Each structure stands twice: as C-alpha cells, then as structure tokens.
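Dropping start.txt in here (compact mmCIF, C-alpha atoms and all ligand atoms):
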# COMPACT_ATOMS: atom_id res chain seq x y z
CA MET I 1 11.30 -25.63 9.34
CA ASN I 2 9.05 -22.68 9.97
CA ASN I 3 10.98 -19.40 10.33
CA ASP I 4 7.91 -17.16 10.20
CA LYS I 5 8.10 -13.99 12.28
CA ARG I 6 5.37 -11.53 13.18
CA LEU I 7 5.48 -7.79 12.57
CA ILE I 8 3.67 -7.23 15.86
CA ASP I 9 6.74 -8.52 17.70
CA ILE I 10 9.14 -5.90 16.33
CA THR I 11 9.29 -2.09 16.50
CA TRP I 12 9.39 -0.06 13.28
CA ASP I 13 12.83 1.27 14.20
CA GLU I 14 14.06 -2.31 14.46
CA PHE I 15 12.27 -3.55 11.35
CA GLN I 16 12.98 -0.76 8.88
CA PRO I 17 16.80 -1.07 8.81
CA LEU I 18 16.79 -4.87 8.53
CA SER I 19 18.45 -6.30 5.44
CA LEU I 20 16.07 -7.55 2.74
CA PRO I 21 16.80 -11.23 3.53
CA ALA I 22 16.06 -10.54 7.22
CA LYS I 23 12.64 -9.10 6.25
CA ILE I 24 11.53 -12.24 4.41
CA PRO I 25 10.20 -14.18 7.45
CA TYR I 26 7.83 -11.25 8.14
CA CYS I 27 6.30 -11.44 4.63
CA ASN I 28 5.64 -15.16 4.17
CA ARG I 29 3.62 -17.70 6.15
CA ASN I 30 4.24 -21.44 5.87
CA GLY I 31 6.24 -20.97 2.69
CA CYS I 32 3.48 -18.92 0.97
CA PRO I 33 3.30 -15.17 0.46
CA TYR I 34 1.06 -13.38 2.97
CA HIS I 35 2.14 -9.76 2.58
CA VAL I 36 3.77 -9.16 -0.80
CA LEU I 37 6.32 -6.45 -0.07
CA ILE I 38 9.66 -7.31 -1.68
CA ALA I 39 10.83 -9.50 -4.55
CA GLN I 40 13.33 -11.13 -2.19
CA GLN I 41 10.54 -13.04 -0.40
CA PHE I 42 10.01 -15.32 -3.43
CA ASP I 43 12.22 -18.38 -3.80
CA ARG I 44 12.42 -20.79 -6.69
CA ALA I 45 9.77 -23.16 -5.32
CA MET I 46 7.30 -20.29 -4.87
CA LEU I 47 7.97 -18.99 -8.39
CA ASP I 48 7.46 -22.46 -9.86
CA ASP I 49 4.24 -22.96 -7.86
CA LEU I 50 2.82 -19.56 -8.85
CA GLY I 51 3.57 -20.13 -12.55
CA ILE I 52 1.95 -23.58 -12.52
CA LEU I 53 -1.08 -22.22 -10.67
CA ALA I 54 -1.46 -19.26 -13.06
CA THR I 55 -1.45 -21.62 -16.04
CA LYS I 56 -4.07 -23.86 -14.44
CA ILE I 57 -6.20 -20.81 -13.70
CA ARG I 58 -6.04 -19.47 -17.26
CA ARG I 59 -7.08 -22.89 -18.59
CA ILE I 60 -9.93 -23.15 -16.08
CA ALA I 61 -11.04 -19.64 -17.13
CA LYS I 62 -11.66 -20.76 -20.71
CA SER I 63 -15.11 -22.14 -19.86
CA LYS I 64 -18.12 -20.49 -18.25
CA ALA I 65 -18.26 -23.18 -15.57
CA GLY I 66 -14.56 -22.56 -14.86
CA MET I 67 -15.08 -18.80 -14.62
CA LEU I 68 -17.97 -19.34 -12.23
CA PHE I 69 -15.79 -21.61 -10.11
CA LEU I 70 -12.97 -19.03 -10.01
CA SER I 71 -15.36 -16.22 -9.16
CA SER I 72 -16.67 -18.18 -6.19
CA LEU I 73 -13.23 -18.50 -4.60
CA LEU I 74 -13.03 -15.06 -2.97
CA GLU I 75 -16.58 -13.76 -3.39
CA HIS I 76 -16.73 -13.25 0.37
CA LYS I 77 -13.68 -10.92 0.33
CA ARG I 78 -13.22 -7.23 -0.40
CA ALA I 79 -10.07 -5.57 -1.72
CA MET I 80 -9.03 -1.92 -1.60
CA LEU I 81 -6.87 -0.54 -4.39
CA TYR I 82 -4.99 2.44 -2.95
CA PHE I 83 -2.94 3.93 -5.79
CA SER I 84 -1.39 7.27 -4.89
CA GLN I 85 0.88 7.27 -7.96
CA PRO I 86 -0.17 7.23 -11.63
CA SER I 87 -1.08 3.75 -12.85
CA SER I 88 -3.42 2.28 -15.38
CA ARG I 89 -2.14 -1.15 -16.41
CA THR I 90 -1.11 -2.38 -12.94
CA PHE I 91 -4.31 -0.94 -11.49
CA LEU I 92 -6.55 -2.54 -14.11
CA SER I 93 -4.63 -5.79 -14.02
CA PHE I 94 -5.24 -6.09 -10.27
CA TYR I 95 -8.81 -4.92 -10.70
CA ALA I 96 -9.51 -7.59 -13.34
CA ALA I 97 -7.72 -10.22 -11.23
CA CYS I 98 -9.96 -9.36 -8.25
CA GLN I 99 -13.02 -9.65 -10.53
CA ILE I 100 -11.93 -13.09 -11.75
CA LEU I 101 -11.77 -14.26 -8.13
CA GLY I 102 -15.14 -12.68 -7.34
CA MET I 103 -13.62 -10.19 -4.92
CA LYS I 104 -15.42 -6.90 -4.49
CA THR I 105 -13.20 -3.86 -4.92
CA ALA I 106 -13.01 -0.22 -4.04
CA GLU I 107 -10.38 2.25 -5.13
CA LEU I 108 -8.74 5.43 -4.03
CA ARG I 109 -6.50 7.03 -6.59
CA ASP I 110 -6.78 10.71 -5.91
CA SER I 111 -5.94 11.87 -2.41
CA THR I 112 -7.59 15.24 -3.07
CA THR I 113 -10.92 13.46 -2.51
CA SER I 114 -9.76 12.06 0.85
CA SER I 115 -9.37 13.49 4.33
CA GLU I 116 -5.66 13.72 3.61
CA MET I 117 -6.79 17.15 2.32
CA LYS I 118 -7.87 17.94 5.89
CA GLY I 119 -4.36 17.22 7.08
CA GLU I 120 -4.79 13.55 7.91
CA SER I 121 -1.61 11.51 7.57
CA GLN I 122 -1.50 8.87 4.83
CA GLU I 123 -0.86 6.27 7.54
CA ASP I 124 -4.09 7.21 9.32
CA SER I 125 -6.08 7.20 6.06
CA VAL I 126 -4.87 3.76 5.04
CA ARG I 127 -5.42 2.43 8.56
CA THR I 128 -9.04 3.60 8.41
CA PHE I 129 -9.63 2.09 4.96
CA SER I 130 -8.09 -1.21 6.04
CA SER I 131 -10.90 -1.68 8.54
CA TYR I 132 -13.43 -1.99 5.69
CA PHE I 133 -11.45 -4.48 3.54
CA ASP I 134 -9.71 -7.86 3.59
CA LEU I 135 -6.77 -6.97 1.34
CA LEU I 136 -4.92 -3.75 0.52
CA ILE I 137 -3.20 -3.35 -2.84
CA MET I 138 -1.03 -0.25 -2.74
CA ARG I 139 1.10 1.82 -5.09
CA SER I 140 3.03 4.71 -3.65
CA PRO I 141 5.86 7.06 -4.66
CA ILE I 142 7.22 6.57 -1.14
CA GLN I 143 9.83 3.85 -0.81
CA GLY I 144 8.83 1.33 1.86
CA PHE I 145 5.28 2.69 2.35
CA ALA I 146 3.64 -0.74 1.89
CA GLU I 147 6.08 -2.16 4.46
CA LYS I 148 5.26 0.65 6.85
CA MET I 149 1.53 -0.05 6.54
CA ALA I 150 1.98 -3.79 6.98
CA TRP I 151 3.90 -3.08 10.17
CA LEU I 152 1.43 -0.46 11.39
CA LEU I 153 -1.63 -2.63 10.82
CA SER I 154 -0.04 -5.62 12.56
CA SER I 155 -0.91 -4.13 15.93
CA THR I 156 -4.53 -3.33 15.01
CA GLU I 157 -7.52 -5.52 15.74
CA ARG I 158 -7.82 -6.57 12.13
CA PRO I 159 -4.51 -6.87 10.28
CA VAL I 160 -4.95 -7.54 6.56
CA PRO I 161 -2.47 -8.66 3.89
CA ILE I 162 -0.82 -5.91 1.87
CA ILE I 163 0.41 -6.16 -1.70
CA ASN I 164 3.01 -3.69 -2.90
CA ALA I 165 1.97 -2.69 -6.43
CA GLY I 166 5.05 -0.48 -6.90
CA SER I 167 6.90 1.58 -4.33
CA GLY I 168 9.14 4.54 -5.12
CA LYS I 169 12.20 3.69 -7.16
CA ASP I 170 12.90 0.51 -5.25
CA GLN I 171 10.45 -2.38 -5.67
CA HIS I 172 7.71 -3.69 -7.94
CA PRO I 173 7.43 -7.33 -6.85
CA THR I 174 4.27 -8.25 -8.76
CA GLN I 175 5.67 -6.88 -12.04
CA ALA I 176 8.73 -9.07 -11.45
CA LEU I 177 6.42 -12.06 -10.89
CA LEU I 178 4.68 -11.46 -14.21
CA ASP I 179 8.04 -11.02 -15.93
CA ILE I 180 9.24 -14.35 -14.51
CA TYR I 181 5.97 -16.00 -15.56
CA SER I 182 6.44 -14.59 -19.08
CA LEU I 183 10.01 -15.94 -19.19
CA GLN I 184 8.86 -19.34 -17.88
CA ARG I 185 6.30 -19.54 -20.68
CA SER I 186 8.67 -18.24 -23.38
CA PHE I 187 11.38 -20.76 -22.49
CA GLU I 188 9.04 -23.68 -21.82
CA LYS I 189 10.39 -25.64 -24.78
CA THR I 190 14.02 -24.49 -24.51
CA GLY I 191 14.97 -25.68 -21.04
CA GLY I 192 13.38 -22.97 -18.90
CA ILE I 193 15.04 -19.85 -17.48
CA ASP I 194 18.18 -21.65 -16.24
CA GLY I 195 21.25 -20.88 -18.34
CA LYS I 196 19.69 -17.95 -20.22
CA THR I 197 21.17 -14.49 -20.86
CA ILE I 198 18.92 -11.59 -19.92
CA VAL I 199 19.76 -8.08 -21.14
CA PHE I 200 18.30 -5.08 -19.28
CA VAL I 201 18.23 -1.78 -21.17
CA GLY I 202 17.28 1.81 -20.32
CA ASP I 203 16.90 3.57 -16.99
CA LEU I 204 18.31 0.87 -14.75
CA LEU I 205 19.07 3.29 -11.93
CA ARG I 206 15.48 4.32 -11.23
CA GLY I 207 13.46 1.53 -12.83
CA ARG I 208 11.94 -0.51 -10.02
CA THR I 209 10.82 -3.31 -12.36
CA VAL I 210 14.44 -4.08 -13.26
CA ARG I 211 15.53 -3.96 -9.64
CA SER I 212 12.90 -6.51 -8.59
CA LEU I 213 13.33 -8.78 -11.63
CA SER I 214 17.12 -8.81 -11.41
CA PHE I 215 16.78 -10.25 -7.93
CA LEU I 216 14.16 -12.87 -8.87
CA LEU I 217 16.49 -14.12 -11.59
CA THR I 218 19.07 -15.04 -8.92
CA ASN I 219 16.75 -17.98 -8.15
CA TYR I 220 17.78 -19.61 -11.46
CA ARG I 221 20.99 -21.47 -12.30
CA ASN I 222 23.64 -19.96 -14.58
CA VAL I 223 21.62 -16.96 -15.67
CA ARG I 224 23.82 -14.18 -17.04
CA GLN I 225 22.52 -10.65 -16.50
CA ILE I 226 23.71 -7.86 -18.79
CA PHE I 227 22.95 -4.23 -17.91
CA VAL I 228 23.04 -1.70 -20.76
CA ALA I 229 22.46 1.98 -20.02
CA PRO I 230 24.00 5.41 -20.36
CA PRO I 231 26.53 5.83 -17.49
CA GLN I 232 24.21 8.26 -15.66
CA LEU I 233 21.38 5.68 -15.54
CA GLN I 234 23.37 2.53 -14.94
CA ILE I 235 22.26 -0.12 -12.44
CA GLY I 236 22.88 0.69 -8.76
CA PRO I 237 25.69 -0.81 -6.67
CA ASP I 238 23.16 -2.33 -4.24
CA ILE I 239 21.81 -4.59 -7.01
CA LEU I 240 25.32 -5.58 -8.11
CA GLU I 241 26.18 -6.43 -4.49
CA GLN I 242 23.12 -8.70 -4.36
CA LEU I 243 24.26 -10.41 -7.55
CA ASP I 244 27.80 -10.81 -6.17
CA ALA I 245 26.40 -12.31 -2.98
CA ALA I 246 24.31 -14.77 -5.01
CA GLY I 247 27.29 -15.68 -7.22
CA VAL I 248 25.53 -14.42 -10.36
CA THR I 249 27.53 -13.59 -13.50
CA TYR I 250 26.79 -10.10 -14.82
CA GLU I 251 28.17 -7.53 -17.23
CA VAL I 252 27.73 -3.76 -17.34
CA HIS I 253 27.81 -2.08 -20.78
CA HIS I 254 27.15 1.31 -22.31
CA GLU I 255 26.62 0.03 -25.86
CA PHE I 256 23.44 -1.81 -26.81
CA GLU I 257 23.82 -3.16 -30.34
CA PRO I 258 26.85 -5.46 -29.75
CA VAL I 259 25.01 -7.43 -27.01
CA ILE I 260 21.77 -8.04 -28.96
CA PRO I 261 22.96 -11.31 -30.62
CA ARG I 262 23.83 -12.79 -27.20
CA ALA I 263 20.42 -12.17 -25.59
CA ASP I 264 17.76 -14.76 -24.84
CA ALA I 265 15.57 -11.96 -23.49
CA ILE I 266 15.89 -8.21 -23.89
CA TYR I 267 14.07 -6.19 -21.24
CA MET I 268 13.60 -2.60 -22.46
CA THR I 269 12.62 0.15 -20.02
CA ARG I 270 11.52 3.76 -20.19
CA ILE I 271 13.54 6.70 -18.86
CA GLN I 272 11.91 7.39 -15.48
CA ASP I 273 12.11 11.17 -15.81
CA GLU I 274 9.43 11.77 -13.19
CA TRP I 275 12.32 11.39 -10.71
CA ASP I 276 14.48 14.07 -12.39
CA LYS I 277 15.43 16.99 -10.19
CA ASP I 278 16.12 19.37 -13.05
CA GLY I 279 15.15 17.67 -16.33
CA GLU I 280 18.62 16.11 -16.44
CA SER I 281 17.64 12.91 -18.23
CA LYS I 282 16.01 14.93 -21.05
CA LYS I 283 19.49 16.19 -21.88
CA LEU I 284 20.79 12.63 -22.38
CA ASP I 285 21.03 11.15 -25.86
CA THR I 286 19.24 7.80 -25.44
CA SER I 287 18.83 7.12 -29.18
CA ALA I 288 21.31 4.21 -29.01
CA PHE I 289 18.99 2.43 -26.56
CA TYR I 290 16.13 2.19 -29.02
CA PHE I 291 15.13 -1.25 -30.35
CA THR I 292 14.05 -1.00 -33.98
CA ALA I 293 13.01 -3.47 -36.69
CA ARG I 294 16.61 -3.38 -37.94
CA HIS I 295 17.72 -5.05 -34.69
CA LEU I 296 15.38 -8.01 -35.22
CA ALA I 297 17.89 -9.44 -37.69
CA LEU I 298 20.53 -9.51 -34.95
CA LEU I 299 18.26 -11.27 -32.45
CA LYS I 300 18.35 -15.06 -31.87
CA PRO I 301 15.32 -16.82 -33.42
CA GLN I 302 14.06 -17.98 -30.00
CA ALA I 303 14.81 -14.78 -28.06
CA VAL I 304 12.11 -12.49 -26.68
CA VAL I 305 11.76 -8.72 -26.39
CA MET I 306 10.04 -7.52 -23.21
CA HIS I 307 8.87 -4.19 -21.78
CA PRO I 308 6.91 -3.52 -18.56
CA LEU I 309 5.04 -0.72 -20.40
CA PRO I 310 4.20 2.12 -20.76
CA ARG I 311 6.43 2.46 -23.81
CA ARG I 312 7.81 5.70 -25.15
CA GLN I 313 10.90 5.68 -27.41
CA GLU I 314 12.31 2.28 -26.46
CA ILE I 315 10.81 -0.09 -29.04
CA ALA I 316 9.64 0.91 -32.52
CA THR I 317 6.01 -0.02 -33.18
CA ASP I 318 6.98 -2.00 -36.30
CA VAL I 319 8.63 -4.52 -33.94
CA ASP I 320 5.21 -5.33 -32.42
CA ARG I 321 4.24 -7.85 -35.09
CA ASP I 322 7.35 -9.98 -34.67
CA PRO I 323 6.50 -13.13 -32.67
CA ARG I 324 9.51 -12.43 -30.43
CA ALA I 325 7.88 -9.20 -29.19
CA ILE I 326 6.04 -10.43 -26.10
CA TYR I 327 5.17 -7.21 -24.23
CA TRP I 328 1.43 -7.43 -24.88
CA ARG I 329 1.41 -11.05 -23.75
CA GLN I 330 3.40 -9.96 -20.69
CA ALA I 331 0.57 -7.62 -19.69
CA ARG I 332 -2.02 -10.42 -19.96
CA ASN I 333 0.27 -12.78 -18.04
CA GLY I 334 0.27 -10.15 -15.31
CA MET I 335 -3.44 -10.52 -14.76
CA TRP I 336 -3.17 -14.32 -14.43
CA ILE I 337 -0.18 -14.28 -12.11
CA ARG I 338 -1.99 -11.76 -9.88
CA VAL I 339 -5.02 -14.07 -9.76
CA ALA I 340 -2.66 -16.91 -8.75
CA LEU I 341 -0.97 -14.71 -6.16
CA MET I 342 -4.20 -13.59 -4.48
CA ALA I 343 -5.62 -17.12 -4.53
CA THR I 344 -2.41 -18.22 -2.79
CA ILE I 345 -2.49 -15.44 -0.19
CA PHE I 346 -5.99 -16.54 0.82
CA GLY I 347 -5.07 -20.26 0.83
CA ARG I 348 -7.22 -21.27 -2.17
CA ALA I 349 -4.47 -22.80 -4.32
CA PRO I 350 -5.26 -26.42 -3.31
CA GLU I 351 -8.91 -25.93 -4.32
CA VAL I 352 -7.86 -24.62 -7.73
CA ALA I 353 -5.52 -27.60 -8.21
CA ALA I 354 -8.31 -30.04 -7.20
CA TYR I 355 -10.81 -28.43 -9.61
CA TYR I 356 -8.22 -28.56 -12.39
CA GLU I 357 -7.58 -32.27 -11.75
CA GLN I 358 -11.30 -33.04 -11.83
CA THR I 359 -12.13 -31.08 -14.96
CA LEU I 360 -8.99 -30.76 -17.10
CA GLY I 361 -6.29 -32.97 -15.54
C1 LIG H 401 6.26 0.30 -14.45
C2 LIG H 401 6.25 1.01 -13.11
O1 LIG H 401 5.26 1.59 -12.71
O2 LIG H 401 7.30 0.93 -12.47
N1 LIG H 401 4.97 0.21 -15.01
C3 LIG H 401 4.20 -0.88 -14.70
O3 LIG H 401 3.82 -1.09 -13.58
N2 LIG H 401 3.97 -1.75 -15.70
C4 LIG H 401 7.25 0.77 -15.42
C5 LIG H 401 7.25 2.22 -15.80
O4 LIG H 401 6.45 3.03 -15.36
O5 LIG H 401 8.14 2.57 -16.61
Starting from the file, lay out its structure as structure tokens.
Ligand code: NCD
Amino acid sequence: MNNDKRLIDITWDEFQPLSLPAKIPYCNRNGCPYHVLIAQQFDRAMLDDLGILATKIRRIAKSKAGMLFLSSLLEHKRAMLYFSQPSSRTFLSFYAACQILGMKTAELRDSTTSSEMKGESQEDSVRTFSSYFDLLIMRSPIQGFAEKMAWLLSSTERPVPIINAGSGKDQHPTQALLDIYSLQRSFEKTGGIDGKTIVFVGDLLRGRTVRSLSFLLTNYRNVRQIFVAPPQLQIGPDILEQLDAAGVTYEVHHEFEPVIPRADAIYMTRIQDEWDKDGESKKLDTSAFYFTARHLALLKPQAVVMHPLPRRQEIATDVDRDPRAIYWRQARNGMWIRVALMATIFGRAPEVAAYYEQTLG
C-alpha cells in the first residue's frame, strides 16, 4: 500500500506540529527515502536494504572499473552542501560520497559570505541556491530547518530532495544510519543487532546522534537500551516515551562502570557544551563517564566501543588499538552508507545491484 503524501498539499502550520510518525509519509516515496529528515522514516526493511547496498558499493569500489561505474551513476547531478554549523567529518563524508557517485558539489559554510549579511532570510538564501542544484545537504543549529526547507521548496517549480545532516539538538538521521550500519557489520557473525544490549553514555540530553540512533534501534527485536549520564544530562522524556510506545526495554543509570560488562555496544558521546547557557556543564564532574584502557578488561570479548566523534575526554587514546574500538571504522562506514543513501534517493540502487551481480556476485 502506498501511503505517500506530498508537502505541497499541507500548510506549514499543519505540518510542523504533526507527530514524527505522521511526518513519515511526507519523507519517503514508494518505500524509499526521498527527503531524509528524521530517523523515524527508516524502517527495518529500509535499514537492511541500505546496509546491503553499502556493502555492495564498498566491494565494487575496490577496483578501478568499479569506481568508474560508481562515478557514472550521478555524474549528471549537482549537490549543494549548506552547513551553517561547524562540521568537518560529516561535511567531508558527504563530500567524498558525492565524489564517489560522480556528483558535482558546491558548498556554503560561512553565511558571512552570503547575502544573509544583507539581511536576506536563510529561507530565501536556501531557496535561491536550490534552483542551481539537484540535492541539498544541510546542517543547521535550528531544529526543524531541513523540514522547513523541504516544505518551502515543495511549492516551487523545482523541488529537490533535502538531506538533514544534523539539526539543532534533535536529529542526525544519517549519523544514526552509519551507526546502525556499523552495528550490523560488528554483529554480522553473532546474530545481528536483535537481542543486543546497547549502552549510551555522556550528554544524552543534547546529543542528537543518540536521539536518532535510539529510535532506529526500536526497529530491532529485544534490544535493551541503557542510558548512563549525570542526572543533568540524562536522556529526555520524549525519547523514553517513544521507547515505551515501541515496547522497548530500557534502563536509566547514573553510574557507568557497573554496566560495562553487560554491554554489546557502548556508545560514548561528548558533552555538547555549545548549548550551555552559562557554562553549566563545565561545572559537572564527568570523570566517571570516561572509558579508559582499564575498562577494556570488563568488556565482553565481542563487544564494541563507538563514538560519533569528535572525541574529547570520553575515550582514552590507548583504547584506540583494541579491536573492539570501532570509532574510526564507524567514520568510514559513514561515507559508504551515505553513498548508498544518495544512490537510493536517485533510484540507482537496482543498477548497483545488477552491476554487483555481473561482476562480483
Ligand atoms: C556529532 C554531531 O554533530 O552531532 N558529530 C558528527 O556529526 N559526527 C556529534 C558531536 O558533535 O558531538
């Protein structure tokens, strides 16, 4: 059944307050992502398909002929990277993913070089830029800005897909996709993500990566989620309500060390102090939420330690050499899952699968 809905058929005042599940039909088309705005738009089948596609792509990319094939897929398309919030890894990961697909790119990262300095609204700027490109990849400190632009452009002559590359404190859907892909790969030989225990640590209140990933994990059976943070930075009630609604088992703790032996994955995060009003998180003692080499002895042999990066004082560098530390692999997985995502948005996944069958299948 096709439940797709069009943003042009709804006013912003009607769309904005919709629940996240009610927004899903406006993001996907025929069961595939079109706009990528919220983690909630991805179901289990989509996550499985994206992971399988990403793995085919990375294998195809091992040869020159494969790279040339991949770079022909979207060579007729242009992408705009509009990043009005600091970013290097997500920006470069998307940039490299566009290059792999042959897409031409342009970027705007500093609004002081734009007519926004002449008083133009950000909405008007992005609307103008959209007319030169076929895809907009956006990071913004404003919650819901990518949604707003997707809605606004729907009534223009040339609507284009929009990918949310991180919005405010609320969503980071493509980071969650790369985290899921990393978990899929890590648990390939141990029964997959179903039944695993995932421990989230750090600033769970303002960390958008945790908020998006926690939701994606509700697509898996019997996953236990454990949230460990100082009380002031503990996970928000909206996320716990989502977990309750999905029938997910979770625990909320303030002590880190006792839960380490139970974890199949530990997801460390940085204190997001850029959102502080008055340096309040600097006054917190977060030393108990620091993963050091000493903790490796407590960790299951098959467990993994993750981090969306950038890292500060969450994981000691002498943990990096342990095979269970997968944060650098996570970053590389991000590039491949973004290639898979953009190939899917533009309907090229069947071509990739056919090429794979012919050459490597
Ligand atoms: C994260 C972000 O921007 O939310 N970084 C990223 O995209 N990998 C995490 C962070 O900044 O702490």
Query raised in the report: Residues around (-11.3, -1.7, -2.7), cut-off 9 Å, counting all atoms listed in the file - what are they as an MDAnalysis selection string?
Result: chainID I and resid 78:82 95 104:108 129 132:137
May I have the residues from that selection written out with C-alpha atoms, as an mmCIF file, in the coordinates of the input?
data_model
loop_
_atom_site.group_PDB
_atom_site.id
_atom_site.type_symbol
_atom_site.label_atom_id
_atom_site.label_comp_id
_atom_site.auth_asym_id
_atom_site.auth_seq_id
_atom_site.Cartn_x
_atom_site.Cartn_y
_atom_site.Cartn_z
ATOM 1 C CA ARG I 78 -13.220 -7.230 -0.400
ATOM 2 C CA ALA I 79 -10.070 -5.570 -1.720
ATOM 3 C CA MET I 80 -9.030 -1.920 -1.600
ATOM 4 C CA LEU I 81 -6.870 -0.540 -4.390
ATOM 5 C CA TYR I 82 -4.990 2.440 -2.950
ATOM 6 C CA TYR I 95 -8.810 -4.920 -10.700
ATOM 7 C CA LYS I 104 -15.420 -6.900 -4.490
ATOM 8 C CA THR I 105 -13.200 -3.860 -4.920
ATOM 9 C CA ALA I 106 -13.010 -0.220 -4.040
ATOM 10 C CA GLU I 107 -10.380 2.250 -5.130
ATOM 11 C CA LEU I 108 -8.740 5.430 -4.030
ATOM 12 C CA PHE I 129 -9.630 2.090 4.960
ATOM 13 C CA TYR I 132 -13.430 -1.990 5.690
ATOM 14 C CA PHE I 133 -11.450 -4.480 3.540
ATOM 15 C CA ASP I 134 -9.710 -7.860 3.590
ATOM 16 C CA LEU I 135 -6.770 -6.970 1.340
ATOM 17 C CA LEU I 136 -4.920 -3.750 0.520
ATOM 18 C CA ILE I 137 -3.200 -3.350 -2.840
#
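Of note, atom O4 of ligand LIG 401 (chain H) and CA of Gln143 in chain I are spaced 15.0 Å apart.
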Requested in this report: Please provide the set of residues having any atom within 7 Å of Ile198 in chain I, restricted to all atoms listed in the file, with same-chain residues fewer than 4 positions apart removed, written as a list in words.
Outcome: Arg224, Gln225, Ile226, Ala263, Asp264, Ala265 and Ile266 of chain I
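Compared by their closest atoms to ligand LIG 401 (chain H), and using all atoms listed in the file, the residues I:Glu314, I:Asp238, I:Glu157, I:Asp4 rank with I:Glu314 nearest.
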Query raised in the report: Residues at most 6 Å from ligand LIG 401 (chain H), using all atoms listed in the file? Could they come as JSON, numbers by chain?
Result: {"I": [90, 208, 209, 270, 308, 309, 310]}
Query raised in the report: Distance CA of Ala22 in chain I-CA of Gln41 in chain I, one decimal place?
Result: 9.7 Å
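With distances restricted to all atoms listed in the file, I:His35 is the closest residue to Ala146 in chain I from I:His35, I:Lys23, I:Lys169, I:Lys118.
If all atoms listed in the file are the atoms counted, then among I:Asp203, I:Asp320, I:Asp244, I:Asp194 the closest residue to Gln272 in chain I is I:Asp203.
Candidate residues I:Gln40, I:Ser71, I:Thr269, I:Thr286 were compared for distance to Leu177 in chain I, and the nearest is I:Gln40, using only C-alpha atoms.
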**Report entry** Shell around Ser88 in chain I at 12 Å using all atoms listed in the file, local window under 2 positions removed, as a ChimeraX atom specification
**Finding:** /I:81,83-86,90-96,109,139,165,309-310,331
Using only C-alpha atoms, find each residue of range 83-192 of chain I with at least one atom at most 12 Å away from an atom of range 47-50 of chain I; report its shortest atom-to-atom pair and that distance in Å (one decimal), sort the rows by chain and rising residue number, and return the result as JSON lines.
{"residue": "I:Pro173", "atom": "CA", "partner": "I:Leu47", "partner_atom": "CA", "distance": 11.8}
{"residue": "I:Thr174", "atom": "CA", "partner": "I:Leu47", "partner_atom": "CA", "distance": 11.4}
{"residue": "I:Ala176", "atom": "CA", "partner": "I:Leu47", "partner_atom": "CA", "distance": 10.4}
{"residue": "I:Leu177", "atom": "CA", "partner": "I:Leu47", "partner_atom": "CA", "distance": 7.5}
{"residue": "I:Leu178", "atom": "CA", "partner": "I:Leu50", "partner_atom": "CA", "distance": 9.9}
{"residue": "I:Asp179", "atom": "CA", "partner": "I:Leu47", "partner_atom": "CA", "distance": 11.0}
{"residue": "I:Ile180", "atom": "CA", "partner": "I:Leu47", "partner_atom": "CA", "distance": 7.8}
{"residue": "I:Tyr181", "atom": "CA", "partner": "I:Leu47", "partner_atom": "CA", "distance": 8.0}
{"residue": "I:Ser182", "atom": "CA", "partner": "I:Leu47", "partner_atom": "CA", "distance": 11.7}
{"residue": "I:Leu183", "atom": "CA", "partner": "I:Leu47", "partner_atom": "CA", "distance": 11.4}
{"residue": "I:Gln184", "atom": "CA", "partner": "I:Asp48", "partner_atom": "CA", "distance": 8.7}
{"residue": "I:Arg185", "atom": "CA", "partner": "I:Asp48", "partner_atom": "CA", "distance": 11.3}
{"residue": "I:Gly192", "atom": "CA", "partner": "I:Asp48", "partner_atom": "CA", "distance": 10.8}
Hey, can you spit out that residue selection with C-alpha atoms as a tab-separated table (two decimals), in the coordinates of the input?
chain	number	residue	atom	x	y	z
I	173	PRO	CA	7.43	-7.33	-6.85
I	174	THR	CA	4.27	-8.25	-8.76
I	176	ALA	CA	8.73	-9.07	-11.45
I	177	LEU	CA	6.42	-12.06	-10.89
I	178	LEU	CA	4.68	-11.46	-14.21
I	179	ASP	CA	8.04	-11.02	-15.93
I	180	ILE	CA	9.24	-14.35	-14.51
I	181	TYR	CA	5.97	-16.00	-15.56
I	182	SER	CA	6.44	-14.59	-19.08
I	183	LEU	CA	10.01	-15.94	-19.19
I	184	GLN	CA	8.86	-19.34	-17.88
I	185	ARG	CA	6.30	-19.54	-20.68
I	192	GLY	CA	13.38	-22.97	-18.90
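CA of Leu341 in chain I is positioned 26.8 Å from CA of Val248 in chain I.
For the set I:Ile38, I:Leu204, I:Ala65, I:Ile10, the residue with the smallest atom-to-atom gap to Phe145 in chain I is I:Ile38, counting all atoms listed in the file.
If you count all atoms listed in the file and ignore residues fewer than 6 places along the chain from Glu75 in chain I, what sits within 10 Å of it is Cys98, Gln99, Ile100, Leu101, Gly102, Met103 and Lys104 of chain I.
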